[in-house]
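Quick notes on the structure that follows.
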Amino acid sequence: MADLSCRIAGVKSPNPFWLASAPPTDKKYNVERAFKAGWGGVVWKTLGEDPPVVNVSSRYGAVEIKGQKMMGLNNIELITDRPLELNLQEIKEVKRDWPDRAMIVSLMVPCNEESWKKILKRVEETNADGVELNFGCPHGMSERGMGSAIGQVPEYIEMVTRWCKANTRMPVFVKLTPNITDIRGPARAAKAGGADAVSLINTINSITSVDLDLMAPRPTVGGKGTHGGYCGPAVKPIALNMVAEIARDPATFGLPISGIGGISNWKDAAEFISLGSGSVQVCTAAMHYGFKIVSDMTDGLSNWMDSKGYKRLEDFMGKAVGNIRNWNELDLNFQTIAHIEQDKCIQCGLCYIACEDTSHQSISATKSAGQTKYEVIDKECVGCNLCAIICPVDCITMLPQTTNKPYLPWTSHPNNPMRK
């Protein structure tokens with residue numbers, strides 16, 4: 001059996017699956033249920049100063065795609081609305097009763113050193129394993145000069161991180177906002193401030209839908225609405241890219257990463273780990289299906305690792321990073337073409353329509369005996385993958401071609417005016 005034990009920034013857990021800072025980690029009752037189900041760790045929902053914040057009703061909106069609920073989830077909920085003392089007491093109790101699980105405490109306080117120093121000292125008394133600085137929340141708190149208002153300014157990230165490292169013995173994770181042009185700037189700032197790890201991504205600024213009767217964004221609050229934070233399966237591609245950008249940036253090389261963003265199953269987790277994540281954080285999937293999904297995640301990841309011969313997470317952690325290139329470094333001589341397996345084809349014609357109308361007219365349609373046969377015109381196919389992607393029965397495969405041509409990136413192409 002593969003060993004799923006996880007160690008990131010000095011924090012240990014029996015597996016890499018952590019619950020992210022969110023409603024599922026808001027109280028002892030939830031967290032204990034999660035640990036009983038098998039989660040390796042949690043990031044306790046963000047704590048702030050007393051008096052606690054006041055939340056609105058309603059709080060969630062969602063994107064549904066072809067009957068698939070919660071492909072994207074939008075929330076306008078703020079940090080914990082429970083008293084600080086109560087949260088701290090429950091964190092202490094849970095860590096005492098579950099010493100082998102990772103307990104990270106998310107924090108967000110006003111941007112002055114004294115506020116951070118004060119809350120860090122109180123968190124240390126709980127024996128938590130570390131803290132996560134919430135520099136990502138894009139709504140509500142950002143209007144108060146916290147959350148993404150800090151995370152969008154690298155100088156502030158470095159400054160606050162440095163304050164925290166000077167005022168605590170606990171590992172410091174810095175949670176980064178995706179609401180920025182280049183994620184490498186904030187990550188570099190976190191490292192410069194002494195961060196032990198970064199967590200990403202936090203939620204994406206969004207309006208998921210509009211109520212056309214009320215003429216207001218959803219979720220609506222008394223007929224009005226606002227932008228919120230977007231998460232769930234729909235954000236995974238954005239998260240993977242940002243994790244990869246940090247993992248392959250020489251300026252942040254070696255900085256541990258806790259990956260977040262649309263992780264719903266073991267395969268998602270494996271992809272994040274292959275791009276350098278040491279742990280993975282889950283929220284929307286747990287809110288959709290409940291805490292017991294972690295059993296499928298751990299079993300699936302373990303079985304896959306066994307099938308590949310990976311004994312530990314470190315055996316494939318970051319293994320995909322070396323194969324990421326800038327576009328101008330890709331081989332322009334590489335060629336692949338589509339192939340339709342006729343015995344599997346159901347003659348729906350989707351590939352033909354898509355290619356004929358929107359691509360390269362490289363699929364022919366021949367009618368015979370009342371049926372239509374679709375075939376790829378090899379010399380016209382550019383290998384764009386569109387037909388394979390839309391095929392409802394997966395009868396189209398992409399076949400690499402042997403060209404016997406040398407590796408030719410754009411940097412060396414004769415048509416490149418900038419080549420040396």
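Going through the structure tokens in order, the chains are called A, B, and so on, while each chain numbers its residues from 1 and the ligands are numbered from 1 in the order shown.
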
field: Residue set, stretch 61-300 of chain A restricted to strand (DSSP E), as a ChimeraX atom specification
entry: /A:61-65,68-75,102-107,130-134,172-175,197-200,204-206,210-211,216-217,228-231,257-260,277-282

_8 Å contact set for A:Gly147, only C-alpha atoms, chain neighbours under 6 positions out, as a list in words_ = Met108, Asn134, Phe135, Gly136, Cys137, Pro138 and Met141 of chain A

query: Counting only C-alpha atoms, which of A:Pro400, A:Gly193, A:Pro186, A:Pro392 gets nearest to A:Gln335?
result: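 Of all the options, A:Pro400 lies closest to A:Gln335.
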
Could you build a table of the residues in stretch 95-185 of chain A lying no more than 7 Å from stretch 4-24 of chain A, giving for each the nearest pair of atoms and their separation in Å rounded to one decimal place, using only C-alpha atoms, ordered by chain and ascending residue number, as CSV?
residue,atom,partner,partner_atom,distance
A:Asp100,CA,A:Ser13,CA,6.2
A:Arg101,CA,A:Ser13,CA,5.1
A:Ala102,CA,A:Ser13,CA,5.2
A:Ser106,CA,A:Ser21,CA,6.5
A:Asp129,CA,A:Val11,CA,6.3
A:Pro171,CA,A:Ala9,CA,6.6

ask   = Neighbours of A:Asn75 within 8 Å (only C-alpha atoms; same-chain residues fewer than 4 positions away dropped), as an NGL selection string?
value = :A and (59-61 or 219 or 228-230)

Take the residues that were just selected and, keeping N, CA and C atoms, output them as an mmCIF file, in the first residue's frame.
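Everything below was put into again14.cif:
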data_model
loop_
_atom_site.group_PDB
_atom_site.id
_atom_site.type_symbol
_atom_site.label_atom_id
_atom_site.label_comp_id
_atom_site.auth_asym_id
_atom_site.auth_seq_id
_atom_site.Cartn_x
_atom_site.Cartn_y
_atom_site.Cartn_z
ATOM 1 N N ARG A 59 -26.348 33.692 1.166
ATOM 2 C CA ARG A 59 -24.903 33.805 1.055
ATOM 3 C C ARG A 59 -24.284 33.097 -0.143
ATOM 4 N N TYR A 60 -24.994 32.151 -0.745
ATOM 5 C CA TYR A 60 -24.391 31.336 -1.806
ATOM 6 C C TYR A 60 -25.144 31.464 -3.129
ATOM 7 N N GLY A 61 -24.370 31.442 -4.188
ATOM 8 C CA GLY A 61 -24.909 31.313 -5.533
ATOM 9 C C GLY A 61 -24.115 30.239 -6.240
ATOM 10 N N PRO A 219 -26.132 35.544 -4.932
ATOM 11 C CA PRO A 219 -27.311 35.490 -4.071
ATOM 12 C C PRO A 219 -27.814 36.895 -3.750
ATOM 13 N N GLY A 228 -18.853 38.165 -5.279
ATOM 14 C CA GLY A 228 -18.453 37.227 -4.238
ATOM 15 C C GLY A 228 -17.231 36.444 -4.643
ATOM 16 N N GLY A 229 -16.920 35.407 -3.876
ATOM 17 C CA GLY A 229 -15.754 34.571 -4.147
ATOM 18 C C GLY A 229 -16.170 33.278 -4.826
ATOM 19 N N TYR A 230 -15.549 32.958 -5.951
ATOM 20 C CA TYR A 230 -15.923 31.827 -6.806
ATOM 21 C C TYR A 230 -14.957 30.671 -6.605
#

Practice prompt. Write out as a PyMOL selection string the residues lying within 7 Å of stretch 275-289 of chain A, counting only C-alpha atoms and excluding same-chain residues fewer than 3 positions away.
Written response: chain A and resi 6+8+16-20+22+231-232+243-244+247+256-260+263-264+269+271-272+293+317-321

Filtering to N, CA and C atoms, could you give me those residues as a PDB file, in the first residue's frame?
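In the end it all went to result.pdb:
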ATOM      1  N   CYS A   6       1.845  12.875   4.926  1.00  0.00           N
ATOM      2  CA  CYS A   6       2.165  14.170   4.334  1.00  0.00           C
ATOM      3  C   CYS A   6       2.969  15.005   5.323  1.00  0.00           C
ATOM      4  N   ILE A   8       4.476  19.040   5.212  1.00  0.00           N
ATOM      5  CA  ILE A   8       4.664  20.288   4.471  1.00  0.00           C
ATOM      6  C   ILE A   8       4.965  21.398   5.461  1.00  0.00           C
ATOM      7  N   PRO A  16      -2.693  13.787   2.587  1.00  0.00           N
ATOM      8  CA  PRO A  16      -2.582  15.181   2.132  1.00  0.00           C
ATOM      9  C   PRO A  16      -3.908  15.919   2.020  1.00  0.00           C
ATOM     10  N   PHE A  17      -5.014  15.248   2.340  1.00  0.00           N
ATOM     11  CA  PHE A  17      -6.331  15.852   2.146  1.00  0.00           C
ATOM     12  C   PHE A  17      -6.737  16.675   3.369  1.00  0.00           C
ATOM     13  N   TRP A  18      -6.742  17.986   3.187  1.00  0.00           N
ATOM     14  CA  TRP A  18      -7.143  18.917   4.236  1.00  0.00           C
ATOM     15  C   TRP A  18      -8.417  19.629   3.807  1.00  0.00           C
ATOM     16  N   LEU A  19      -9.231  19.969   4.785  1.00  0.00           N
ATOM     17  CA  LEU A  19     -10.372  20.836   4.508  1.00  0.00           C
ATOM     18  C   LEU A  19      -9.901  22.289   4.538  1.00  0.00           C
ATOM     19  N   ALA A  20     -10.295  23.061   3.539  1.00  0.00           N
ATOM     20  CA  ALA A  20      -9.885  24.462   3.459  1.00  0.00           C
ATOM     21  C   ALA A  20     -10.660  25.315   4.453  1.00  0.00           C
ATOM     22  N   ALA A  22     -13.188  27.521   5.580  1.00  0.00           N
ATOM     23  CA  ALA A  22     -14.507  27.778   4.981  1.00  0.00           C
ATOM     24  C   ALA A  22     -15.577  27.306   5.973  1.00  0.00           C
ATOM     25  N   CYS A 231     -15.500  29.466  -6.423  1.00  0.00           N
ATOM     26  CA  CYS A 231     -14.691  28.275  -6.199  1.00  0.00           C
ATOM     27  C   CYS A 231     -15.390  27.079  -6.836  1.00  0.00           C
ATOM     28  N   GLY A 232     -14.880  25.897  -6.591  1.00  0.00           N
ATOM     29  CA  GLY A 232     -15.503  24.693  -7.148  1.00  0.00           C
ATOM     30  C   GLY A 232     -14.783  24.183  -8.375  1.00  0.00           C
ATOM     31  N   VAL A 243      -0.544  27.361  -9.457  1.00  0.00           N
ATOM     32  CA  VAL A 243       0.348  26.498  -8.687  1.00  0.00           C
ATOM     33  C   VAL A 243       1.606  26.192  -9.507  1.00  0.00           C
ATOM     34  N   ALA A 244       1.418  25.875 -10.774  1.00  0.00           N
ATOM     35  CA  ALA A 244       2.549  25.548 -11.643  1.00  0.00           C
ATOM     36  C   ALA A 244       3.475  26.745 -11.837  1.00  0.00           C
ATOM     37  N   ALA A 247       5.600  26.894  -8.793  1.00  0.00           N
ATOM     38  CA  ALA A 247       6.491  25.739  -8.689  1.00  0.00           C
ATOM     39  C   ALA A 247       7.677  25.829  -9.644  1.00  0.00           C
ATOM     40  N   PRO A 256       7.246  25.504  -0.281  1.00  0.00           N
ATOM     41  CA  PRO A 256       6.154  24.529  -0.208  1.00  0.00           C
ATOM     42  C   PRO A 256       4.803  25.150  -0.585  1.00  0.00           C
ATOM     43  N   ILE A 257       3.962  24.327  -1.229  1.00  0.00           N
ATOM     44  CA  ILE A 257       2.668  24.789  -1.730  1.00  0.00           C
ATOM     45  C   ILE A 257       1.558  23.887  -1.205  1.00  0.00           C
ATOM     46  N   SER A 258       0.507  24.500  -0.686  1.00  0.00           N
ATOM     47  CA  SER A 258      -0.723  23.779  -0.367  1.00  0.00           C
ATOM     48  C   SER A 258      -1.732  24.147  -1.446  1.00  0.00           C
ATOM     49  N   GLY A 259      -2.075  23.181  -2.291  1.00  0.00           N
ATOM     50  CA  GLY A 259      -2.900  23.455  -3.469  1.00  0.00           C
ATOM     51  C   GLY A 259      -4.382  23.480  -3.165  1.00  0.00           C
ATOM     52  N   ILE A 260      -5.075  24.448  -3.737  1.00  0.00           N
ATOM     53  CA  ILE A 260      -6.515  24.635  -3.524  1.00  0.00           C
ATOM     54  C   ILE A 260      -7.162  25.016  -4.845  1.00  0.00           C
ATOM     55  N   ILE A 263     -10.769  20.848  -6.219  1.00  0.00           N
ATOM     56  CA  ILE A 263     -10.376  19.455  -6.018  1.00  0.00           C
ATOM     57  C   ILE A 263     -11.586  18.658  -5.542  1.00  0.00           C
ATOM     58  N   SER A 264     -11.995  17.684  -6.345  1.00  0.00           N
ATOM     59  CA  SER A 264     -13.216  16.926  -6.058  1.00  0.00           C
ATOM     60  C   SER A 264     -12.989  15.429  -5.945  1.00  0.00           C
ATOM     61  N   ALA A 269      -6.483  15.705  -7.012  1.00  0.00           N
ATOM     62  CA  ALA A 269      -5.412  15.836  -6.023  1.00  0.00           C
ATOM     63  C   ALA A 269      -4.067  15.429  -6.613  1.00  0.00           C
ATOM     64  N   GLU A 271      -3.117  15.560  -9.660  1.00  0.00           N
ATOM     65  CA  GLU A 271      -2.664  16.586 -10.596  1.00  0.00           C
ATOM     66  C   GLU A 271      -2.014  17.751  -9.858  1.00  0.00           C
ATOM     67  N   PHE A 272      -2.633  18.191  -8.756  1.00  0.00           N
ATOM     68  CA  PHE A 272      -2.042  19.281  -7.970  1.00  0.00           C
ATOM     69  C   PHE A 272      -0.695  18.866  -7.392  1.00  0.00           C
ATOM     70  N   ILE A 293     -16.532  11.763   1.448  1.00  0.00           N
ATOM     71  CA  ILE A 293     -15.862  11.653   0.144  1.00  0.00           C
ATOM     72  C   ILE A 293     -14.368  11.430   0.299  1.00  0.00           C
ATOM     73  N   MET A 317       5.633  14.017  -6.541  1.00  0.00           N
ATOM     74  CA  MET A 317       5.394  15.425  -6.239  1.00  0.00           C
ATOM     75  C   MET A 317       6.264  16.321  -7.132  1.00  0.00           C
ATOM     76  N   GLY A 318       5.620  17.199  -7.880  1.00  0.00           N
ATOM     77  CA  GLY A 318       6.347  18.105  -8.764  1.00  0.00           C
ATOM     78  C   GLY A 318       6.870  17.482 -10.040  1.00  0.00           C
ATOM     79  N   LYS A 319       6.523  16.225 -10.292  1.00  0.00           N
ATOM     80  CA  LYS A 319       7.093  15.511 -11.439  1.00  0.00           C
ATOM     81  C   LYS A 319       6.663  16.098 -12.786  1.00  0.00           C
ATOM     82  N   ALA A 320       5.503  16.765 -12.821  1.00  0.00           N
ATOM     83  CA  ALA A 320       5.023  17.354 -14.077  1.00  0.00           C
ATOM     84  C   ALA A 320       5.604  18.734 -14.352  1.00  0.00           C
ATOM     85  N   VAL A 321       6.210  19.330 -13.335  1.00  0.00           N
ATOM     86  CA  VAL A 321       6.699  20.706 -13.489  1.00  0.00           C
ATOM     87  C   VAL A 321       7.753  20.801 -14.587  1.00  0.00           C
TER      88      VAL A 321
END

Handout entry: Contact residues around A:Asp211 with only C-alpha atoms at 12 Å, ignoring same-chain residues under 6 positions, as a PyMOL selection string
Key = chain A and resi 61+217-221+223-225

Check your understanding: Taking into account only C-alpha atoms, which residue in the set A:Glu93, A:Tyr352, A:His139, A:Ala190 is nearest to A:Thr366?
Key ->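 Of all the options, A:Tyr352 lies closest to A:Thr366.
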